[in-house]
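Enquirer: Quick one: the structure is below, questions incoming.
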Amino acid sequence: MAEIRKATGFVDWLDQRLAVNKFIKVMMTEYWIPKNINFLWAMGVVLMVLFVILIVSGIFLLMYYKPDIKLAFDSVNYTIMQEVEYGWLWRHMHGVAASAIFLVIYIHMFTGIYYGSYKKGREIIWLTGMALFGMFSAEAFSGYMLPWGQMSYWAAQVITNLFGGIPFIGEALVVWIRGDFLVADATLTRFFMLHVLLLPLVILLLIAVHFYSLRVPHVNNQEAEVFDFDVESKKYLDGKKVESKVVPFWPVFLSKDFFVVGVALTIFFYLVCFHFDFAMDPINFEPANNMKTPAHIYPEWYFLWSYEVLRGFFFDIAGVAAMDIGLAAFGFANVIFMLLPFLDRNTDHVAPAHKRPLFFVWFWLLLIDMIVLTVYGKLPPTGNNAWVGFGATITFLVLFILLPIITKMEANCKCNNGGCK
Amino acid sequence: MRELKILAVVIFFTAVVYWGVEPFAHSQMHPHVAPADFAFKDLGVNDKKGDATKGAETFLSAGCTGCHGISSQGMAAPMDHASASASFGVVPPDLSTAGAIYDKNFLAALIKDPTKALKVEHKFNESRPHPMIQFFGLGGDIDQEVADIVAYLQSIAPAKLDDKQVYADACQRCHDIKYDKLMSTTDKAALMTYMGTVPPDLSIMIRAKGAEYLTTFINNPQKQLVGTSMPRVGLNEKAQNQVIAYMEKVGDRKKAEREDLGYKLIGYMVLFTLLAYAWKVKIWREVH
């Protein structure tokens, strides 16, 4: 045991017991981040802020929400929205943050893809990030069910039904997930449990691993330049701050993040108070009614691209039912991003997309294709819409089949630096 | 400079996605309909000048009081709500305010041909007659007689009604608005038989449908929801706006608080952002 002396002050007293000074150095003042970055590197902190908003607003909502199909709708729309002081504020913040966090997740994700921050030592960061995406999706889906409005019910109906397409166990699985033969009270209470307990626990754990996994390979930078963090941080500590290629997390990196967070929250509160329909679908302000199917059933915007992949195949091919092909494509779409570090066969070189000509084209095609899928995922799948959706689905699948090929070509290129300019 | 370029790219793609899934998708899913027609042009015009005194007599002779009450004139409805629900399927309206809230043309057309004015011809026909019996006239000029009745209803109607009263007279016979503790006057089982479904609770319908949709919908339900059993109500523009204002008052009670707080929150965040920017510039000056 370390020698405990009489403390010179409170901080010293704590330091002898908890090593707070060392802890602050490791976590903040001597956690080194590359200097050559842009505002896209602030998205992680923006995500963290939005996640905290979700937890805090969620705790307040939890005090009045009632997970019972007879009470849920009114507990949200009357008790919380009208009776409780500022209940509406917490609900609007929760709903808008849930939608906004997905926009930032997508920006964060595409930043990682563009700058090649998923490979060569950073695989675990990518994998935990994609696992977080999956958990947030489950969190969003389960949360959407809780107000027990029309879209809560029908989305639950459609999505749980999907599992019925899995061979052999499908039917039993659907009943197991719902806890009943139909989407009913048992379904609501178990998704409530998932939403407020199990999934948040898993998310917290994944965030911890995600942050920890950043420490070893370090944060990437705009040029994917590799340098010795020990040498650069020593320069910084020696006072050569301008020359050093790194900055400490606190206060330098965070000072910029505070500014970006400020901009993000300004927009956020505008959306919360004046422009919230995109995140709180008006249809969900009608109580769930299993006798009345809404004219258009669609998921929230952030699920639309994979939803469109699901329904992209609208005709049977070679005796295989359209539904089954769609389900297979949907499964593919939901795991393929996970595999990105292993599909990129140019394993030795990390470079931003604008230095990788083929990958650059691939990146923008993917982004545009996903936007097309997103938009057509909401439109009624009739006439031309169905064909556009089909085309975009095929494009999506083909892009991921091509990725190993074009990255291998890049790696085999006789030019300098593995096809990277 | 580079950061601004990146920002422009992020904003551009975000805007495209937003446009695609919100305004564009909604324009595809909910095709635009013609604006509300408060003149009820499809019903033609009764240009006879009505005489309220004669109208009062015609009103009695025509047998209106067989079903309708006019409580403001001391004429009670002939049946209580329960028996009226059982006999007609829906409680007939008290006509005290009818002259103020319904359009004059609409009233005239309604008296002559209820199913046509109400746009419920798809539900009622000779084998299943509408509970309101059409007025065949007392032997004189039927248009004159109808104009007189309308003039009479207008003469007894109050000049001013608050939003909730208009709602109650126009909608409460069928709809609940439980967040303001107003329940339908018609019995639910009778409504179920009469309408084919229990009409929805309107407490937060304003959040579900929005004022714009409700404006065209109430004016002519068939326009937005073909085949619906909800009749055209025939409210004049002022009364309909009052109904929507009341629905907003109940369904979006915190709107004023939300918007007021919105400015404060945004103001606070702008201030925070400016200070954060100044601090960032100060910190980064040392490392650049």
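To be explicit about the labels: the chains of the structure tokens are called A, B, and onward in the order shown, and within each one the residues are counted from 1, while ligands get numbers from 1 in the order they are shown.
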Can you pull out the residues contacting Met230 (chain B)? Cut-off 8 Å, using only C-alpha atoms, and skip same-chain residues under 5 positions away; I want them as a PyMOL selection string.
Expert: chain B and resi 120+195+221
Enquirer: What are the closest atom pairs, with distances in Å to one decimal, for all residues of region 22-81 of chain A lying within 12 Å of region 270-292 of chain A? Consider only C-alpha atoms, order rows by chain and residue number, and present the result as JSON lines.
Expert:
```
{"residue": "A:Ile69", "atom": "CA", "partner": "A:Ala288", "partner_atom": "CA", "distance": 8.8}
{"residue": "A:Lys70", "atom": "CA", "partner": "A:Ala288", "partner_atom": "CA", "distance": 10.1}
{"residue": "A:Leu71", "atom": "CA", "partner": "A:Pro287", "partner_atom": "CA", "distance": 10.7}
{"residue": "A:Ala72", "atom": "CA", "partner": "A:Pro287", "partner_atom": "CA", "distance": 9.5}
{"residue": "A:Phe73", "atom": "CA", "partner": "A:Pro287", "partner_atom": "CA", "distance": 6.4}
{"residue": "A:Asp74", "atom": "CA", "partner": "A:Pro287", "partner_atom": "CA", "distance": 8.8}
{"residue": "A:Ser75", "atom": "CA", "partner": "A:Pro287", "partner_atom": "CA", "distance": 11.8}
{"residue": "A:Val76", "atom": "CA", "partner": "A:Phe285", "partner_atom": "CA", "distance": 9.9}
{"residue": "A:Asn77", "atom": "CA", "partner": "A:Phe285", "partner_atom": "CA", "distance": 7.8}
{"residue": "A:Tyr78", "atom": "CA", "partner": "A:Phe285", "partner_atom": "CA", "distance": 11.1}
{"residue": "A:Met81", "atom": "CA", "partner": "A:Phe285", "partner_atom": "CA", "distance": 11.4}
```
Enquirer: Those selected residues, please, written with N, CA and C atoms and delivered as a PDB file, in the first residue's frame.
Expert:
```
ATOM      1  N   ILE A  69     -51.094  -1.026 -22.235  1.00  0.00           N
ATOM      2  CA  ILE A  69     -51.729  -0.561 -23.471  1.00  0.00           C
ATOM      3  C   ILE A  69     -52.972   0.286 -23.212  1.00  0.00           C
ATOM      4  N   LYS A  70     -53.569   0.160 -22.025  1.00  0.00           N
ATOM      5  CA  LYS A  70     -54.751   0.974 -21.736  1.00  0.00           C
ATOM      6  C   LYS A  70     -54.363   2.367 -21.248  1.00  0.00           C
ATOM      7  N   LEU A  71     -53.159   2.488 -20.720  1.00  0.00           N
ATOM      8  CA  LEU A  71     -52.781   3.753 -20.079  1.00  0.00           C
ATOM      9  C   LEU A  71     -51.687   4.512 -20.823  1.00  0.00           C
ATOM     10  N   ALA A  72     -50.902   3.790 -21.633  1.00  0.00           N
ATOM     11  CA  ALA A  72     -49.692   4.379 -22.201  1.00  0.00           C
ATOM     12  C   ALA A  72     -49.981   5.662 -22.982  1.00  0.00           C
ATOM     13  N   PHE A  73     -50.941   5.587 -23.895  1.00  0.00           N
ATOM     14  CA  PHE A  73     -51.189   6.727 -24.787  1.00  0.00           C
ATOM     15  C   PHE A  73     -51.527   7.995 -24.006  1.00  0.00           C
ATOM     16  N   ASP A  74     -52.442   7.862 -23.041  1.00  0.00           N
ATOM     17  CA  ASP A  74     -52.834   9.049 -22.284  1.00  0.00           C
ATOM     18  C   ASP A  74     -51.747   9.488 -21.302  1.00  0.00           C
ATOM     19  N   SER A  75     -50.959   8.538 -20.797  1.00  0.00           N
ATOM     20  CA  SER A  75     -49.902   8.957 -19.875  1.00  0.00           C
ATOM     21  C   SER A  75     -48.891   9.822 -20.622  1.00  0.00           C
ATOM     22  N   VAL A  76     -48.687   9.524 -21.910  1.00  0.00           N
ATOM     23  CA  VAL A  76     -47.759  10.337 -22.700  1.00  0.00           C
ATOM     24  C   VAL A  76     -48.434  11.628 -23.155  1.00  0.00           C
ATOM     25  N   ASN A  77     -49.585  11.473 -23.796  1.00  0.00           N
ATOM     26  CA  ASN A  77     -50.171  12.628 -24.479  1.00  0.00           C
ATOM     27  C   ASN A  77     -50.981  13.548 -23.574  1.00  0.00           C
ATOM     28  N   TYR A  78     -51.431  13.021 -22.446  1.00  0.00           N
ATOM     29  CA  TYR A  78     -52.143  13.915 -21.522  1.00  0.00           C
ATOM     30  C   TYR A  78     -51.269  14.258 -20.322  1.00  0.00           C
ATOM     31  N   MET A  81     -47.601  15.443 -21.664  1.00  0.00           N
ATOM     32  CA  MET A  81     -47.646  16.577 -22.596  1.00  0.00           C
ATOM     33  C   MET A  81     -48.448  17.759 -22.058  1.00  0.00           C
TER      34      MET A  81
END
```
Enquirer: Once you count only C-alpha atoms, which residues of chain B turn out to be within 8 Å of chain A? Could you give them as a PyMOL selection string?
Expert: chain B and resi 3+10+17+20-22+25+28-29+179+204-205+207-209+253-254+258-259+261-262+265-266+269-270+272-274+276-277+279-280+283-284+286-288
Enquirer: Could the residues in this selection be written to a file with C-alpha atoms, as a PDB file, in the first residue's frame?
Expert:
```pdb
ATOM      1  CA  GLU B   3     -13.965  23.218 -42.991  1.00  0.00           C
ATOM      2  CA  VAL B  10     -22.791  17.920 -44.890  1.00  0.00           C
ATOM      3  CA  VAL B  17     -32.532  13.753 -47.187  1.00  0.00           C
ATOM      4  CA  GLY B  20     -36.968  13.794 -49.648  1.00  0.00           C
ATOM      5  CA  VAL B  21     -38.451  12.223 -46.536  1.00  0.00           C
ATOM      6  CA  GLU B  22     -40.545  15.158 -45.390  1.00  0.00           C
ATOM      7  CA  ALA B  25     -42.702  12.248 -49.466  1.00  0.00           C
ATOM      8  CA  GLN B  28     -46.633  12.135 -52.754  1.00  0.00           C
ATOM      9  CA  MET B  29     -48.565  10.409 -49.984  1.00  0.00           C
ATOM     10  CA  TYR B 179     -58.810  15.834 -22.475  1.00  0.00           C
ATOM     11  CA  ILE B 204     -55.136  15.759 -29.815  1.00  0.00           C
ATOM     12  CA  MET B 205     -56.393  15.441 -33.366  1.00  0.00           C
ATOM     13  CA  ARG B 207     -51.342  17.166 -33.516  1.00  0.00           C
ATOM     14  CA  ALA B 208     -52.299  14.160 -35.633  1.00  0.00           C
ATOM     15  CA  LYS B 209     -53.746  16.032 -38.586  1.00  0.00           C
ATOM     16  CA  ARG B 253     -52.230  23.418 -24.878  1.00  0.00           C
ATOM     17  CA  LYS B 254     -48.557  24.219 -24.363  1.00  0.00           C
ATOM     18  CA  ARG B 258     -43.270  26.064 -26.127  1.00  0.00           C
ATOM     19  CA  GLU B 259     -42.695  28.925 -28.523  1.00  0.00           C
ATOM     20  CA  LEU B 261     -39.378  29.013 -24.218  1.00  0.00           C
ATOM     21  CA  GLY B 262     -38.030  28.207 -27.680  1.00  0.00           C
ATOM     22  CA  LEU B 265     -33.413  28.361 -25.318  1.00  0.00           C
ATOM     23  CA  ILE B 266     -32.147  29.371 -28.743  1.00  0.00           C
ATOM     24  CA  MET B 269     -27.446  28.535 -26.985  1.00  0.00           C
ATOM     25  CA  VAL B 270     -26.415  31.311 -29.371  1.00  0.00           C
ATOM     26  CA  PHE B 272     -23.080  29.866 -25.381  1.00  0.00           C
ATOM     27  CA  THR B 273     -21.863  29.269 -28.935  1.00  0.00           C
ATOM     28  CA  LEU B 274     -20.365  32.745 -29.257  1.00  0.00           C
ATOM     29  CA  ALA B 276     -17.362  28.940 -26.857  1.00  0.00           C
ATOM     30  CA  TYR B 277     -16.061  30.279 -30.153  1.00  0.00           C
ATOM     31  CA  TRP B 279     -12.661  30.616 -26.013  1.00  0.00           C
ATOM     32  CA  LYS B 280     -11.737  28.211 -28.810  1.00  0.00           C
ATOM     33  CA  ILE B 283      -6.983  28.324 -26.864  1.00  0.00           C
ATOM     34  CA  TRP B 284      -6.047  27.451 -30.449  1.00  0.00           C
ATOM     35  CA  GLU B 286      -1.340  28.927 -28.752  1.00  0.00           C
ATOM     36  CA  VAL B 287      -1.134  25.748 -30.803  1.00  0.00           C
ATOM     37  CA  HIS B 288      -1.389  27.032 -34.362  1.00  0.00           C
TER      38      HIS B 288
END
```
Enquirer: CA of Arg232 (chain B) and CA of Asn220 (chain B) are how many Å apart?
Expert: 5.2 Å
Enquirer: Near Asp169 (chain B), counting only C-alpha atoms, which residues have an atom at most 9 Å away, once you skip same-chain residues fewer than 2 positions from it, shown as a short mmCIF file (atom, residue, chain, number, x, y, z; two decimals) with N, CA and C atoms, in the first residue's frame?
Expert:
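Below is the file that was written, selection_36.cif:
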```
data_model
loop_
_atom_site.label_atom_id
_atom_site.label_comp_id
_atom_site.auth_asym_id
_atom_site.auth_seq_id
_atom_site.Cartn_x
_atom_site.Cartn_y
_atom_site.Cartn_z
N PRO B 93 -79.48 17.83 -33.51
CA PRO B 93 -78.91 19.03 -32.88
C PRO B 93 -79.98 19.99 -32.36
N ASP B 94 -79.66 20.66 -31.27
CA ASP B 94 -80.45 21.81 -30.81
C ASP B 94 -80.10 22.95 -31.76
N LEU B 95 -81.11 23.69 -32.18
CA LEU B 95 -80.85 24.66 -33.26
C LEU B 95 -80.64 26.10 -32.78
N THR B 97 -78.07 27.78 -32.03
CA THR B 97 -76.96 28.53 -32.62
C THR B 97 -76.79 28.23 -34.11
N ALA B 98 -77.66 27.39 -34.66
CA ALA B 98 -77.46 26.94 -36.04
C ALA B 98 -77.30 28.11 -37.02
N ILE B 101 -73.62 29.39 -36.77
CA ILE B 101 -72.43 28.60 -37.10
C ILE B 101 -72.48 27.94 -38.47
N LYS B 164 -65.37 27.08 -27.66
CA LYS B 164 -65.81 25.81 -27.10
C LYS B 164 -67.29 25.55 -27.40
N GLN B 165 -68.11 26.63 -27.35
CA GLN B 165 -69.54 26.49 -27.66
C GLN B 165 -69.75 26.05 -29.10
N VAL B 166 -68.97 26.67 -30.00
CA VAL B 166 -69.10 26.30 -31.41
C VAL B 166 -68.76 24.83 -31.57
N TYR B 167 -67.63 24.42 -30.94
CA TYR B 167 -67.24 23.01 -31.01
C TYR B 167 -68.37 22.12 -30.51
N CYS B 171 -69.78 19.55 -33.13
CA CYS B 171 -69.06 18.28 -33.17
C CYS B 171 -69.42 17.30 -32.07
N GLN B 172 -69.92 17.83 -30.93
CA GLN B 172 -70.01 16.99 -29.74
C GLN B 172 -71.10 15.92 -29.81
N ARG B 173 -71.99 16.03 -30.76
CA ARG B 173 -73.01 14.99 -30.85
C ARG B 173 -72.37 13.64 -31.12
#
```
Enquirer: Write out as a PDB file with N, CA and C atoms, in the first residue's frame which residues come within 10 Å of Phe38 (chain B) when counting only C-alpha atoms, dropping same-chain ones fewer than 3 positions away.
Expert:
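Dumped everything to around17.pdb:
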```
ATOM      1  N   PRO B  35     -58.739  23.934 -52.104  1.00  0.00           N
ATOM      2  CA  PRO B  35     -58.968  24.587 -50.812  1.00  0.00           C
ATOM      3  C   PRO B  35     -60.433  24.483 -50.378  1.00  0.00           C
ATOM      4  N   LYS B  41     -70.534  25.771 -53.180  1.00  0.00           N
ATOM      5  CA  LYS B  41     -71.004  26.053 -54.535  1.00  0.00           C
ATOM      6  C   LYS B  41     -71.774  24.887 -55.147  1.00  0.00           C
ATOM      7  N   TYR B 102     -73.673  27.711 -39.011  1.00  0.00           N
ATOM      8  CA  TYR B 102     -73.745  27.066 -40.319  1.00  0.00           C
ATOM      9  C   TYR B 102     -73.948  28.102 -41.413  1.00  0.00           C
ATOM     10  N   ASP B 103     -73.400  27.779 -42.570  1.00  0.00           N
ATOM     11  CA  ASP B 103     -73.547  28.658 -43.721  1.00  0.00           C
ATOM     12  C   ASP B 103     -75.019  28.697 -44.153  1.00  0.00           C
ATOM     13  N   ASN B 105     -76.443  29.190 -47.109  1.00  0.00           N
ATOM     14  CA  ASN B 105     -76.727  28.365 -48.277  1.00  0.00           C
ATOM     15  C   ASN B 105     -76.807  26.898 -47.935  1.00  0.00           C
ATOM     16  N   PHE B 106     -75.863  26.508 -47.089  1.00  0.00           N
ATOM     17  CA  PHE B 106     -75.801  25.111 -46.677  1.00  0.00           C
ATOM     18  C   PHE B 106     -77.076  24.722 -45.934  1.00  0.00           C
ATOM     19  N   THR B 216     -59.621  21.649 -44.685  1.00  0.00           N
ATOM     20  CA  THR B 216     -60.304  21.087 -45.856  1.00  0.00           C
ATOM     21  C   THR B 216     -61.156  19.885 -45.470  1.00  0.00           C
ATOM     22  N   ASN B 219     -64.546  20.901 -43.802  1.00  0.00           N
ATOM     23  CA  ASN B 219     -65.340  21.548 -44.842  1.00  0.00           C
ATOM     24  C   ASN B 219     -65.958  20.532 -45.805  1.00  0.00           C
ATOM     25  N   ASN B 220     -65.198  19.465 -46.069  1.00  0.00           N
ATOM     26  CA  ASN B 220     -65.721  18.411 -46.938  1.00  0.00           C
ATOM     27  C   ASN B 220     -64.938  17.121 -46.718  1.00  0.00           C
ATOM     28  N   GLY B 234     -70.912  21.698 -42.774  1.00  0.00           N
ATOM     29  CA  GLY B 234     -71.538  22.930 -43.259  1.00  0.00           C
ATOM     30  C   GLY B 234     -71.241  24.163 -42.436  1.00  0.00           C
ATOM     31  N   LEU B 235     -70.167  24.131 -41.650  1.00  0.00           N
ATOM     32  CA  LEU B 235     -69.816  25.313 -40.858  1.00  0.00           C
ATOM     33  C   LEU B 235     -69.368  26.447 -41.763  1.00  0.00           C
ATOM     34  N   ASN B 236     -69.727  27.674 -41.372  1.00  0.00           N
ATOM     35  CA  ASN B 236     -69.172  28.797 -42.115  1.00  0.00           C
ATOM     36  C   ASN B 236     -67.724  28.994 -41.691  1.00  0.00           C
ATOM     37  N   GLU B 237     -67.012  29.847 -42.424  1.00  0.00           N
ATOM     38  CA  GLU B 237     -65.568  29.949 -42.228  1.00  0.00           C
ATOM     39  C   GLU B 237     -65.208  30.340 -40.803  1.00  0.00           C
ATOM     40  N   LYS B 238     -65.954  31.314 -40.275  1.00  0.00           N
ATOM     41  CA  LYS B 238     -65.641  31.812 -38.934  1.00  0.00           C
ATOM     42  C   LYS B 238     -65.827  30.706 -37.896  1.00  0.00           C
ATOM     43  N   GLN B 240     -65.854  27.481 -38.360  1.00  0.00           N
ATOM     44  CA  GLN B 240     -64.900  26.385 -38.520  1.00  0.00           C
ATOM     45  C   GLN B 240     -63.540  26.758 -37.937  1.00  0.00           C
TER      46      GLN B 240
END
```
Enquirer: If we count only C-alpha atoms and set the cut-off at 10 Å, which residues sit around Ala98 (chain A), ignoring sequence neighbours fewer than 3 positions away in its own chain? Please answer as a compact mmCIF listing (two decimals) with N, CA and C atoms, in the first residue's frame.
Expert:
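The file below, result-v8.txt, is the result:
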```txt
# COMPACT_ATOMS: atom_id res chain seq x y z
N LEU A 50 -25.84 14.35 -26.99
CA LEU A 50 -27.21 13.94 -27.32
C LEU A 50 -27.61 12.71 -26.51
N PHE A 51 -26.67 11.81 -26.30
CA PHE A 51 -26.97 10.61 -25.51
C PHE A 51 -27.31 10.99 -24.07
N ILE A 53 -28.56 13.84 -23.14
CA ILE A 53 -29.90 14.45 -23.21
C ILE A 53 -30.97 13.36 -23.21
N LEU A 54 -30.72 12.29 -23.97
CA LEU A 54 -31.70 11.20 -24.03
C LEU A 54 -31.86 10.53 -22.67
N HIS A 92 -40.47 16.32 -26.07
CA HIS A 92 -39.97 16.83 -27.36
C HIS A 92 -38.46 16.66 -27.46
N MET A 93 -37.76 16.94 -26.35
CA MET A 93 -36.30 16.78 -26.37
C MET A 93 -35.94 15.32 -26.63
N HIS A 94 -36.66 14.42 -25.98
CA HIS A 94 -36.37 12.99 -26.13
C HIS A 94 -36.63 12.54 -27.57
N GLY A 95 -37.77 12.95 -28.10
CA GLY A 95 -38.12 12.54 -29.47
C GLY A 95 -37.19 13.13 -30.51
N ILE A 101 -29.87 12.14 -33.19
CA ILE A 101 -28.67 11.34 -32.89
C ILE A 101 -28.35 10.43 -34.07
N PHE A 102 -29.37 10.00 -34.80
CA PHE A 102 -29.10 9.14 -35.96
C PHE A 102 -28.43 9.92 -37.09
N LEU A 103 -28.84 11.17 -37.27
CA LEU A 103 -28.17 11.98 -38.28
C LEU A 103 -26.68 12.08 -37.94
N PHE A 136 -28.52 1.26 -30.83
CA PHE A 136 -29.33 2.47 -30.91
C PHE A 136 -30.56 2.23 -31.78
N SER A 137 -30.40 1.41 -32.82
CA SER A 137 -31.56 1.10 -33.67
C SER A 137 -32.62 0.37 -32.85
N GLU A 139 -32.93 0.46 -29.66
CA GLU A 139 -33.41 1.42 -28.67
C GLU A 139 -34.48 2.33 -29.29
N ALA A 140 -34.21 2.78 -30.53
CA ALA A 140 -35.16 3.67 -31.21
C ALA A 140 -36.46 2.93 -31.51
N GLY A 143 -38.36 2.28 -28.27
CA GLY A 143 -38.89 3.53 -27.73
C GLY A 143 -40.09 4.03 -28.51
N TYR A 144 -40.04 3.80 -29.82
CA TYR A 144 -41.12 4.28 -30.67
C TYR A 144 -42.43 3.59 -30.34
N ALA A 279 -39.58 14.31 -36.37
CA ALA A 279 -39.13 13.34 -35.38
C ALA A 279 -40.29 12.74 -34.60
N MET A 280 -41.42 13.45 -34.59
CA MET A 280 -42.58 12.95 -33.84
C MET A 280 -43.72 12.86 -34.83
```
Enquirer: Near region 311-321 of chain A, counting only C-alpha atoms, which residues have an atom at most 12 Å away, once you skip same-chain residues fewer than 2 positions from it, shown as a VMD selection string?
Expert: chain A and resid 162 165 298 304 to 309 323 to 330 333 372 to 374 376 to 397
Enquirer: Generate a file of the selected residues that holds N, CA and C atoms, formatted as a short mmCIF file (atom, residue, chain, number, x, y, z; two decimals), in the first residue's frame.
Expert:
```
data_model
loop_
_atom_site.label_atom_id
_atom_site.label_comp_id
_atom_site.auth_asym_id
_atom_site.auth_seq_id
_atom_site.Cartn_x
_atom_site.Cartn_y
_atom_site.Cartn_z
N LEU A 162 -41.44 -9.62 -39.49
CA LEU A 162 -40.30 -9.94 -40.36
C LEU A 162 -39.62 -11.22 -39.92
N GLY A 165 -40.14 -14.71 -41.36
CA GLY A 165 -39.57 -15.18 -42.62
C GLY A 165 -38.34 -16.06 -42.42
N TYR A 298 -44.63 3.39 -42.54
CA TYR A 298 -43.21 3.53 -42.85
C TYR A 298 -42.47 3.72 -41.54
N LEU A 304 -35.17 4.01 -43.09
CA LEU A 304 -35.78 3.89 -44.41
C LEU A 304 -34.90 3.17 -45.42
N TRP A 305 -33.57 3.44 -45.38
CA TRP A 305 -32.72 2.81 -46.41
C TRP A 305 -32.75 1.30 -46.29
N SER A 306 -32.70 0.77 -45.06
CA SER A 306 -32.70 -0.69 -44.96
C SER A 306 -34.10 -1.24 -45.19
N TYR A 307 -35.11 -0.45 -44.84
CA TYR A 307 -36.49 -0.85 -45.12
C TYR A 307 -36.72 -0.97 -46.63
N GLU A 308 -36.10 -0.04 -47.38
CA GLU A 308 -36.25 -0.08 -48.83
C GLU A 308 -35.50 -1.27 -49.43
N VAL A 309 -34.36 -1.63 -48.82
CA VAL A 309 -33.67 -2.84 -49.27
C VAL A 309 -34.57 -4.05 -49.05
N MET A 323 -40.61 -11.88 -50.88
CA MET A 323 -40.47 -11.60 -49.46
C MET A 323 -39.18 -12.21 -48.89
N ASP A 324 -38.86 -13.42 -49.32
CA ASP A 324 -37.67 -14.09 -48.80
C ASP A 324 -36.38 -13.46 -49.32
N ILE A 325 -36.39 -13.09 -50.61
CA ILE A 325 -35.20 -12.43 -51.15
C ILE A 325 -34.99 -11.11 -50.42
N GLY A 326 -36.10 -10.37 -50.25
CA GLY A 326 -36.03 -9.09 -49.55
C GLY A 326 -35.46 -9.25 -48.16
N LEU A 327 -35.92 -10.28 -47.47
CA LEU A 327 -35.46 -10.52 -46.11
C LEU A 327 -33.96 -10.84 -46.09
N ALA A 328 -33.52 -11.61 -47.07
CA ALA A 328 -32.09 -11.94 -47.15
C ALA A 328 -31.28 -10.68 -47.43
N ALA A 329 -31.79 -9.83 -48.35
CA ALA A 329 -31.08 -8.58 -48.67
C ALA A 329 -31.03 -7.66 -47.45
N PHE A 330 -32.13 -7.65 -46.71
CA PHE A 330 -32.24 -6.84 -45.49
C PHE A 330 -31.21 -7.31 -44.46
N ALA A 333 -27.85 -6.16 -45.61
CA ALA A 333 -27.64 -4.72 -45.40
C ALA A 333 -27.30 -4.42 -43.95
N VAL A 372 -30.98 7.76 -51.96
CA VAL A 372 -32.08 7.34 -52.85
C VAL A 372 -32.94 6.29 -52.14
N LEU A 373 -32.27 5.32 -51.51
CA LEU A 373 -33.02 4.28 -50.78
C LEU A 373 -33.87 4.91 -49.68
N THR A 374 -33.29 5.88 -48.97
CA THR A 374 -33.99 6.52 -47.87
C THR A 374 -35.26 7.23 -48.36
N TYR A 376 -36.90 6.81 -51.26
CA TYR A 376 -37.88 5.89 -51.83
C TYR A 376 -38.43 4.91 -50.80
N GLY A 377 -37.72 4.78 -49.68
CA GLY A 377 -38.22 3.94 -48.60
C GLY A 377 -39.48 4.50 -47.97
N LYS A 378 -39.70 5.79 -48.16
CA LYS A 378 -40.89 6.39 -47.57
C LYS A 378 -42.05 6.46 -48.57
N LEU A 379 -41.71 6.54 -49.85
CA LEU A 379 -42.77 6.68 -50.86
C LEU A 379 -43.53 5.37 -51.02
N PRO A 380 -44.78 5.46 -51.42
CA PRO A 380 -45.54 4.23 -51.69
C PRO A 380 -44.83 3.42 -52.78
N PRO A 381 -44.64 2.11 -52.58
CA PRO A 381 -43.85 1.31 -53.53
C PRO A 381 -44.67 0.89 -54.73
N THR A 382 -45.12 1.86 -55.50
CA THR A 382 -45.94 1.53 -56.66
C THR A 382 -45.32 2.09 -57.92
N GLY A 383 -45.67 1.54 -59.05
CA GLY A 383 -45.22 2.05 -60.35
C GLY A 383 -43.71 2.21 -60.42
N ASN A 384 -43.28 3.40 -60.86
CA ASN A 384 -41.86 3.67 -61.02
C ASN A 384 -41.09 3.60 -59.71
N ASN A 385 -41.76 4.00 -58.61
CA ASN A 385 -41.10 3.98 -57.31
C ASN A 385 -40.52 2.60 -57.02
N ALA A 386 -41.30 1.57 -57.33
CA ALA A 386 -40.85 0.21 -57.04
C ALA A 386 -39.58 -0.11 -57.82
N TRP A 387 -39.53 0.36 -59.08
CA TRP A 387 -38.36 0.06 -59.90
C TRP A 387 -37.14 0.85 -59.44
N VAL A 388 -37.34 2.09 -59.05
CA VAL A 388 -36.21 2.87 -58.52
C VAL A 388 -35.67 2.19 -57.27
N GLY A 389 -36.60 1.75 -56.40
CA GLY A 389 -36.20 1.06 -55.18
C GLY A 389 -35.44 -0.22 -55.50
N PHE A 390 -35.90 -0.94 -56.50
CA PHE A 390 -35.24 -2.17 -56.91
C PHE A 390 -33.83 -1.87 -57.41
N GLY A 391 -33.73 -0.86 -58.28
CA GLY A 391 -32.42 -0.47 -58.83
C GLY A 391 -31.46 -0.06 -57.73
N ALA A 392 -31.95 0.74 -56.80
CA ALA A 392 -31.08 1.23 -55.72
C ALA A 392 -30.66 0.08 -54.81
N THR A 393 -31.55 -0.89 -54.63
CA THR A 393 -31.21 -2.05 -53.80
C THR A 393 -30.10 -2.87 -54.45
N ILE A 394 -30.28 -3.12 -55.75
CA ILE A 394 -29.25 -3.87 -56.49
C ILE A 394 -27.93 -3.11 -56.42
N THR A 395 -27.98 -1.79 -56.62
CA THR A 395 -26.76 -0.98 -56.57
C THR A 395 -26.07 -1.14 -55.21
N PHE A 396 -26.88 -1.10 -54.15
CA PHE A 396 -26.33 -1.23 -52.81
C PHE A 396 -25.58 -2.57 -52.67
N LEU A 397 -26.24 -3.64 -53.09
CA LEU A 397 -25.63 -4.97 -52.96
C LEU A 397 -24.37 -5.06 -53.80
#
```
Enquirer: For Leu202 (chain B), please output as a PyMOL selection string all residues within 9 Å (counting only C-alpha atoms; exclusion window: fewer than 6 positions along the same chain).
Expert: chain B and resi 175-179+247+251
